[in-house]
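*Asks:* I am sharing input.pdb, which consists of PDB, C-alpha atoms:
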ATOM      1  CA  MET A 977     -48.907-231.184-145.563
ATOM      2  CA  SER A 978     -46.440-228.878-143.988
ATOM      3  CA  ASP A 979     -42.883-228.415-145.172
ATOM      4  CA  SER A 980     -41.536-229.985-141.980
ATOM      5  CA  HIS A 981     -43.586-233.129-142.656
ATOM      6  CA  GLU A 982     -42.173-233.326-146.193
ATOM      7  CA  ASP A 983     -38.657-232.840-144.822
ATOM      8  CA  THR A 984     -39.195-235.679-142.349
ATOM      9  CA  LYS A 985     -40.579-237.925-145.095
ATOM     10  CA  ALA A 986     -37.623-237.160-147.385
ATOM     11  CA  ARG A 987     -35.161-237.746-144.534
ATOM     12  CA  ARG A 988     -36.720-241.128-143.770
ATOM     13  CA  GLY A 989     -36.470-242.056-147.455
ATOM     14  CA  LYS A 990     -32.786-241.141-147.520
ATOM     15  CA  GLU A 991     -32.152-243.071-144.311
ATOM     16  CA  GLU A 992     -33.899-246.128-145.752
ATOM     17  CA  ILE A 993     -31.850-245.989-148.960
ATOM     18  CA  SER A 994     -28.651-245.465-146.951
ATOM     19  CA  SER A 995     -29.501-248.471-144.780
ATOM     20  CA  ILE A 996     -30.053-250.648-147.862
ATOM     21  CA  ILE A 997     -26.722-249.560-149.371
ATOM     22  CA  VAL A 998     -24.776-250.209-146.165
ATOM     23  CA  ASP A 999     -26.459-253.603-145.742
ATOM     24  CA  CYS A1000     -25.582-254.608-149.325
ATOM     25  CA  ALA A1001     -21.984-253.462-148.887
ATOM     26  CA  PHE A1002     -21.685-255.432-145.647
ATOM     27  CA  ARG A1003     -23.090-258.587-147.279
ATOM     28  CA  LEU A1004     -20.680-258.241-150.207
ATOM     29  CA  HIS A1005     -17.787-257.786-147.798
ATOM     30  CA  CYS A1006     -18.832-260.909-145.863
ATOM     31  CA  ASP A1007     -19.335-262.987-149.018
ATOM     32  CA  LEU A1008     -16.344-261.824-151.072
ATOM     33  CA  GLY A1009     -13.920-260.612-148.439
ATOM     34  CA  PRO A1010     -12.281-257.242-147.978
ATOM     35  CA  GLY A1011     -10.644-257.016-151.412
ATOM     36  CA  LEU A1012      -7.227-255.555-152.022
ATOM     37  CA  LEU A1013      -5.478-252.932-149.944
ATOM     38  CA  GLU A1014      -6.726-249.406-150.537
ATOM     39  CA  ASN A1015      -3.522-248.251-152.256
ATOM     40  CA  VAL A1016      -4.121-250.768-155.074
ATOM     41  CA  TYR A1017      -7.445-249.142-155.901
ATOM     42  CA  GLU A1018      -5.936-245.638-155.697
ATOM     43  CA  VAL A1019      -3.138-246.631-158.139
ATOM     44  CA  GLU A1020      -5.650-248.217-160.572
ATOM     45  CA  LEU A1021      -7.998-245.243-160.889
ATOM     46  CA  LYS A1022      -7.815-243.848-164.386
ATOM     47  CA  SER A1023      -9.766-242.445-167.253
ATOM     48  CA  VAL A1024      -9.088-243.652-170.775
ATOM     49  CA  GLU A1025     -10.622-243.055-174.203
ATOM     50  CA  HIS A1026     -10.578-246.763-175.148
ATOM     51  CA  LEU A1027     -10.023-249.975-173.237
ATOM     52  CA  ALA A1028      -6.848-251.879-174.029
ATOM     53  CA  PRO A1029      -6.066-255.573-173.383
ATOM     54  CA  VAL A1030      -3.982-254.565-170.372
ATOM     55  CA  HIS A1031      -7.096-253.137-168.701
ATOM     56  CA  ALA A1032      -8.817-256.533-168.834
ATOM     57  CA  LYS A1033      -5.711-258.119-167.288
ATOM     58  CA  GLN A1034      -5.691-255.533-164.498
ATOM     59  CA  LEU A1035      -9.346-256.277-163.793
ATOM     60  CA  LEU A1036      -8.690-260.013-163.655
ATOM     61  CA  THR A1037      -5.758-259.429-161.324
ATOM     62  CA  SER A1038      -7.909-257.468-158.905
ATOM     63  CA  ILE A1039     -10.628-260.143-159.029
ATOM     64  CA  LEU A1040      -8.251-263.067-158.558
ATOM     65  CA  PHE A1041      -6.404-261.545-155.622
ATOM     66  CA  THR A1042      -9.407-260.428-153.591
TER      67      THR A1042
END
Could you write out this file's structure as structure tokens?

*Replies:*
Amino acid sequence: MSDSHEDTKARRGKEEISSIIVDCAFRLHCDLGPGLLENVYEVELKSVEHLAPVHAKQLLTSILFT
């Protein structure tokens, strides 16, 4: 097989995976709704060493209000 054939095969694989991801995201959006406004997710991004009880409450808040 030539390199161009391998490139085409790899591209098709990536396109298929991308299509599956977009389809799943669309179905989730239709089933669960749009979620919170984007700024809520930007404010909640963090990295911590250990989870605290407040983190569970923040997660529940985002689930309940979506």

*Asks:* Just give me the gap between CA of Ile1039 in chain A and CA of Gly1011 in chain A in Å, one decimal is fine.

*Replies:*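 Calculated distance between CA of Ile1039 in chain A and CA of Gly1011 in chain A is 8.2 Å.
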
*Asks:* Would you mind telling me which residue in A:His1026, A:Glu991, A:Asp983, A:Gly1009 lies nearest to Leu1040 in chain A when using only C-alpha atoms?

*Replies:*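 Of all the options, A:Gly1009 lies closest to Leu1040 in chain A.
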
*Asks:* Kindly give the distance, in Å, that separates CA of Ser1038 in chain A and CA of Ile997 in chain A, rounded to a single decimal.

*Replies:* 22.5 Å
